[in-house]
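Everything on this sheet refers to the single structure shown next.
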Amino acid sequence: MTADNSFIADQLSLLSKLMDIHGENSFKAKAYSSAAFTIDKLPQQLSEISAEKFASIKGIGDSVAKKIIEIFERGEIIVLSELIQKTPPGIMQMLNVKGIGPKKITVIWKEMGIESIGELLYACNENRLTLYKGFGEKTQKSIQESIEYFLNNIGSYLYAQIEEFANKFDAALKHSFSEYSFLITGIFRRHLETIDRLEWVTNVPAAALQAYLLENNFVTERLETEESVFQGKEENILLHFYHAETERLHHKLFTTSCSEEFLNEWNKRSLFNNKAEYISEDEIFENAKLQFIPAYLRETSFTIEKASAHSLPKVIEAKDITTIIHSHSKWSDGNNTIEEMAKAAIAKDLQYLVISDHSKSAFYANGLTEERLKAQHAEIEELNDKLKPFKIFKSIESDILNDGSLDYSDEILVSFDIIIASIHSNLKMTEEKAMMRLLNAIKNPFTSILGHCTGRLLLSRAGYPVDHKKIIDTCAAHNVVIELNAHPRRLDIDWRFLDYCLEKKVLISIDPDAHSVSAFDHVKYGVLAAQKAGITASQNLSSYPLSTFEAFLKEQHAKRTR
Ligand SMILES: [Zn+2]
Ligand SMILES: [Zn+2]
């Protein structure tokens, strides 16, 4: 495996922090951290260019270049490995807690004698930090909050991060206990966007299961007759098993794969048989005289009403997707050329491709100036000739500027087939400010799609505050599509607001925001999220056939001249 830029940047940044903690040359440490910053933003992979060439990149230089070569040749930076050896594991972990930088860690370790996060939290509770220089009451409180946040989120994964482990482990359990049943359930079965535990219903005797898990390096936290809970070591995740007699497996499977709201409504309507013994979930629904509700839809009480009227929608599936909307090429911060992306789309049987690189204000992402845009459009026209009948559409992911305007003059905006408007800068803002920017952008007649509307990054950054209803109402009034950004860390707009989009007849667009050909596959996670809200193919722009998409564009262009 060749190391990519983000790995190299992480290694250099860690090196810089550890040098600071160990009191080594601070001048050098600073050079490594600024090189890390530069490398993280480079449009090109270092592994694809020669050593002489990357040594000459501004902000890298010879000594950093040597470290990068070590990574390529040996898979590690030698001095970094030595520093890690000299650092207690608890101190290494502290580096992952936001708001505790190397300077503070040095005092915590060397002066306070604290070597783990647990000890540090205890010291905060005891009010001991304030005895040290540089640690006021405010700092102590913010450290305490950061640690609590860190500990709360430990063991939480994006659905996409834990999916492979969950499926492999499920298969391993079934293989090892072939004469028993293991049914995966809970939030994983419901396809929630973040997962902090994996759950199964099983009829395996608790003691046998425990022995198996201990053998496989899991730690038992609790073992009861009804439920056993284990803690994984490598995948730091809780495994949760519900024990049930064979006749009650499906009853248990059902009750553990609905939301609380859904289950309450189910019980309120007394939909269970008294005996509660079922041979399948199908039988549960048949008995209740309801249409079958898949686990991913068992969220709101309203779904039960629809199922009793036999009017559940035929939800969108991955095979309904006809195009990739929102994709970045090498022209801005993507990894592939437009031609490579188009060919990959053709290979996936997609009907067309929408290229939307970053706009000029996104200088950190190599956003396109007016001049480079002209050249890009010429390239797209050439490719459209060459790849006929496949079609590439000219788009841009325009930054929404501070006052809510788009990033180019109208003369330039008119040259795009379709415009996605997104916020990328000054994310720390009040709801009032965020809404002013968003609503102005939605009202702009050139905007067709509102990109990732809250800017959230699951498990790492809450989005800026917004009023979802007002956004959806305004999109409805101005015929703007709302993106469901399919990157598994975004999934923004949150699926919980999609029923209001449907009510207001606002189209959504499941877009991978792909920065490489392989990221086309992220569409899948957007589809999973859309399914949870019962979205159908006709309610999603990226499942429009080419001719319908072209008609949609015509309608959008009419908006521009009105
Ligand atoms: Zn974006
Ligand atoms: Zn993007």
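By convention here, the chains of the structure tokens are called A, B, ... in the order presented, each chain's residues are numbered starting at 1, and ligands are numbered starting at 1 in the order presented.
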
Can you tell me which residues sit at most 8 Å away from ligand 1, counting only C-alpha atoms and all ligand atoms, written as a ChimeraX atom specification? /A:358,397,422-424,451-452,513

Could you save those same residues with N, CA, C and O atoms as a PDB file, in the first residue's frame?
```pdb
ATOM      1  N   HIS A 358     -14.492  22.740  -7.127  1.00  0.00           N
ATOM      2  CA  HIS A 358     -14.661  23.870  -6.210  1.00  0.00           C
ATOM      3  C   HIS A 358     -14.518  25.206  -6.939  1.00  0.00           C
ATOM      4  O   HIS A 358     -13.811  25.313  -7.931  1.00  0.00           O
ATOM      5  N   GLU A 397     -19.306  23.471  -7.611  1.00  0.00           N
ATOM      6  CA  GLU A 397     -19.784  23.555  -6.232  1.00  0.00           C
ATOM      7  C   GLU A 397     -19.380  24.942  -5.763  1.00  0.00           C
ATOM      8  O   GLU A 397     -18.257  25.164  -5.323  1.00  0.00           O
ATOM      9  N   SER A 422     -22.715  25.552  -1.689  1.00  0.00           N
ATOM     10  CA  SER A 422     -22.380  24.986  -0.377  1.00  0.00           C
ATOM     11  C   SER A 422     -21.565  25.977   0.442  1.00  0.00           C
ATOM     12  O   SER A 422     -20.829  26.796  -0.105  1.00  0.00           O
ATOM     13  N   ILE A 423     -21.670  25.850   1.755  1.00  0.00           N
ATOM     14  CA  ILE A 423     -20.849  26.663   2.657  1.00  0.00           C
ATOM     15  C   ILE A 423     -19.597  25.874   3.032  1.00  0.00           C
ATOM     16  O   ILE A 423     -19.702  24.711   3.429  1.00  0.00           O
ATOM     17  N   HIS A 424     -18.413  26.501   2.871  1.00  0.00           N
ATOM     18  CA  HIS A 424     -17.157  25.842   3.260  1.00  0.00           C
ATOM     19  C   HIS A 424     -16.316  26.695   4.201  1.00  0.00           C
ATOM     20  O   HIS A 424     -15.341  26.222   4.753  1.00  0.00           O
ATOM     21  N   GLY A 451     -25.963  22.244  -1.353  1.00  0.00           N
ATOM     22  CA  GLY A 451     -25.043  21.175  -0.921  1.00  0.00           C
ATOM     23  C   GLY A 451     -25.001  21.058   0.596  1.00  0.00           C
ATOM     24  O   GLY A 451     -25.291  22.028   1.305  1.00  0.00           O
ATOM     25  N   HIS A 452     -24.633  19.862   1.089  1.00  0.00           N
ATOM     26  CA  HIS A 452     -24.483  19.578   2.538  1.00  0.00           C
ATOM     27  C   HIS A 452     -24.882  20.744   3.452  1.00  0.00           C
ATOM     28  O   HIS A 452     -24.048  21.515   3.899  1.00  0.00           O
ATOM     29  N   ASP A 513     -20.406  13.361  -3.463  1.00  0.00           N
ATOM     30  CA  ASP A 513     -19.349  14.338  -3.235  1.00  0.00           C
ATOM     31  C   ASP A 513     -18.001  13.645  -3.457  1.00  0.00           C
ATOM     32  O   ASP A 513     -17.077  13.766  -2.651  1.00  0.00           O
TER      33      ASP A 513
END
```

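Using only C-alpha atoms, the protein and nucleic acid residues lying no more than 9 Å from A:Glu247, apart from those fewer than 4 places from it along its own chain, are His251, Ala276, Glu277, Tyr278 and Ile279 of chain A.
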
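Among the candidates A:Ile535, A:Cys124, A:Leu158, A:Ile418, the residue lying nearest to A:Arg490 is A:Leu158 (atoms considered: only C-alpha atoms).
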
Just list the residues in stretch 174-276 of chain A DSSP gives strand (DSSP E) on the backbone, as a list of chain:residue names. A:Phe182, A:Leu183, A:Ile184, A:Thr185, A:Thr194, A:Ile195, A:Arg197, A:Leu198, A:Glu199, A:Trp200, A:Val201, A:Thr202, A:Val219, A:Thr220, A:Glu221, A:Arg222, A:Leu223, A:Glu227, A:Ser228, A:Val229, A:Phe230, A:Gln231, A:Leu238, A:Leu239, A:His240, A:Phe241, A:Tyr242, A:His243

Go through A:Pro89, A:Gly59, A:Pro313, A:Gly455 and flag the residue nearest ligand 2, using only C-alpha atoms and all ligand atoms for the distances.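 Result for the nearest residue to ligand 2: A:Gly455.
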
Stretch 38-225 of chain A: which residues are helix (DSSP H, G or I) by DSSP, as a PyMOL selection string? chain A and resi 38-41+46-48+51-55+61-74+78-85+89-94+102-111+117-125+129-131+137-153+159-176+186-189+206-215

From the options A:Glu126, A:Glu119, A:Glu483, A:Glu550, which residue's atoms come nearest to ligand 2, counting only C-alpha atoms and all ligand atoms?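 Checking each of A:Glu126, A:Glu119, A:Glu483, A:Glu550 against ligand 2, counting only C-alpha atoms and all ligand atoms, the winner is A:Glu483.
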
For A:Ala342, list every protein, DNA or RNA residue within 12 Å, evaluated using only C-alpha atoms, and leave out those in the same chain fewer than 2 positions away; present the list as JSON, numbers by chain. {"A": [323, 324, 325, 327, 328, 329, 336, 337, 338, 339, 340, 344, 345, 346, 347, 348, 349, 350, 351, 352, 353, 354, 355, 380, 383, 384, 386, 387, 388, 389, 390, 391, 392, 393, 516, 517, 520]}

Could you dump the residues just selected with C-alpha atoms as a PDB file, in the first residue's frame?
```
ATOM      1  CA  THR A 323     -25.707   9.400 -12.356  1.00  0.00           C
ATOM      2  CA  ILE A 324     -23.065  10.854 -10.121  1.00  0.00           C
ATOM      3  CA  ILE A 325     -23.939  14.417  -9.167  1.00  0.00           C
ATOM      4  CA  SER A 327     -17.966  15.079  -8.026  1.00  0.00           C
ATOM      5  CA  HIS A 328     -14.529  16.676  -7.949  1.00  0.00           C
ATOM      6  CA  SER A 329     -11.808  16.102 -10.525  1.00  0.00           C
ATOM      7  CA  ASN A 336      -8.877  11.612 -10.992  1.00  0.00           C
ATOM      8  CA  THR A 337      -9.133  13.340 -14.356  1.00  0.00           C
ATOM      9  CA  ILE A 338     -12.565  14.049 -15.789  1.00  0.00           C
ATOM     10  CA  GLU A 339     -11.959  11.414 -18.442  1.00  0.00           C
ATOM     11  CA  GLU A 340     -11.121   8.785 -15.806  1.00  0.00           C
ATOM     12  CA  ALA A 344     -15.630   4.835 -14.492  1.00  0.00           C
ATOM     13  CA  ALA A 345     -19.217   6.095 -14.649  1.00  0.00           C
ATOM     14  CA  ILE A 346     -19.690   4.363 -18.012  1.00  0.00           C
ATOM     15  CA  ALA A 347     -18.249   1.152 -16.566  1.00  0.00           C
ATOM     16  CA  LYS A 348     -20.841   1.384 -13.785  1.00  0.00           C
ATOM     17  CA  ASP A 349     -23.623   1.712 -16.372  1.00  0.00           C
ATOM     18  CA  LEU A 350     -24.436   5.233 -15.273  1.00  0.00           C
ATOM     19  CA  GLN A 351     -26.116   7.414 -17.883  1.00  0.00           C
ATOM     20  CA  TYR A 352     -24.310  10.720 -17.336  1.00  0.00           C
ATOM     21  CA  LEU A 353     -21.919  12.550 -14.996  1.00  0.00           C
ATOM     22  CA  VAL A 354     -22.040  15.954 -13.327  1.00  0.00           C
ATOM     23  CA  ILE A 355     -18.610  17.436 -12.622  1.00  0.00           C
ATOM     24  CA  ILE A 380     -15.615  18.707 -21.101  1.00  0.00           C
ATOM     25  CA  LEU A 383     -14.807  14.606 -23.953  1.00  0.00           C
ATOM     26  CA  ASN A 384     -18.503  14.845 -24.749  1.00  0.00           C
ATOM     27  CA  LYS A 386     -15.265  11.613 -27.754  1.00  0.00           C
ATOM     28  CA  LEU A 387     -17.490   9.649 -25.353  1.00  0.00           C
ATOM     29  CA  LYS A 388     -20.862  10.119 -27.085  1.00  0.00           C
ATOM     30  CA  PRO A 389     -23.634   9.281 -26.251  1.00  0.00           C
ATOM     31  CA  PHE A 390     -22.395   9.490 -22.649  1.00  0.00           C
ATOM     32  CA  LYS A 391     -22.760  13.016 -21.335  1.00  0.00           C
ATOM     33  CA  ILE A 392     -20.788  15.096 -18.884  1.00  0.00           C
ATOM     34  CA  PHE A 393     -22.509  18.168 -17.470  1.00  0.00           C
ATOM     35  CA  SER A 516     -12.052   9.973  -6.590  1.00  0.00           C
ATOM     36  CA  VAL A 517     -13.520   7.260  -8.745  1.00  0.00           C
ATOM     37  CA  PHE A 520     -18.622   6.834  -6.328  1.00  0.00           C
TER      38      PHE A 520
END
```

Skip stretch 486-489 of chain A itself and residues of its chain fewer than 4 positions away, then list as a PyMOL selection string all residues within 9 Å of it, counting only C-alpha atoms. chain A and resi 158-161+193-194+456-460+510-514+519+522-527+529

If you count only C-alpha atoms, the residue of A:Leu95, A:Ala55, A:Ile420, A:Leu238 closest to A:Asp357 turns out to be A:Ile420

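Here the question is which of A:His326, A:Lys428, A:Lys554, A:Arg496 gets nearest to ligand 2 using only C-alpha atoms and all ligand atoms, and that residue is A:His326.
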
What lies within 8 Å of A:Phe292 using only C-alpha atoms, ignoring chain neighbours under 5 positions off, as a list of chain:residue names? A:Asp282, A:Phe285, A:Glu286, A:Ala307

Go ahead and save the residues from that selection, with N, CA, C and O atoms, as a PDB file, in the first residue's frame.
```
ATOM      1  N   ASP A 282     -42.084 -12.068   9.199  1.00  0.00           N
ATOM      2  CA  ASP A 282     -43.231 -11.990   8.289  1.00  0.00           C
ATOM      3  C   ASP A 282     -44.512 -12.365   9.016  1.00  0.00           C
ATOM      4  O   ASP A 282     -45.551 -11.731   8.857  1.00  0.00           O
ATOM      5  N   PHE A 285     -45.987  -9.612  11.159  1.00  0.00           N
ATOM      6  CA  PHE A 285     -46.741  -8.596  10.414  1.00  0.00           C
ATOM      7  C   PHE A 285     -48.058  -9.160   9.875  1.00  0.00           C
ATOM      8  O   PHE A 285     -49.089  -8.481   9.893  1.00  0.00           O
ATOM      9  N   GLU A 286     -48.024 -10.411   9.415  1.00  0.00           N
ATOM     10  CA  GLU A 286     -49.259 -11.035   8.927  1.00  0.00           C
ATOM     11  C   GLU A 286     -50.302 -11.067  10.038  1.00  0.00           C
ATOM     12  O   GLU A 286     -51.459 -10.706   9.828  1.00  0.00           O
ATOM     13  N   ALA A 307     -48.470   1.313   7.010  1.00  0.00           N
ATOM     14  CA  ALA A 307     -48.464  -0.128   6.770  1.00  0.00           C
ATOM     15  C   ALA A 307     -49.851  -0.719   6.984  1.00  0.00           C
ATOM     16  O   ALA A 307     -50.226  -1.689   6.331  1.00  0.00           O
TER      17      ALA A 307
END
```

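Near A:Pro43, within 9 Å and counting only C-alpha atoms, sit Ile39, Lys330, Trp331, Ser332, Asp333, Gly334, Asn335, Tyr364, Ala365 and Asn366 of chain A, not including residues fewer than 4 positions from it in the same chain.
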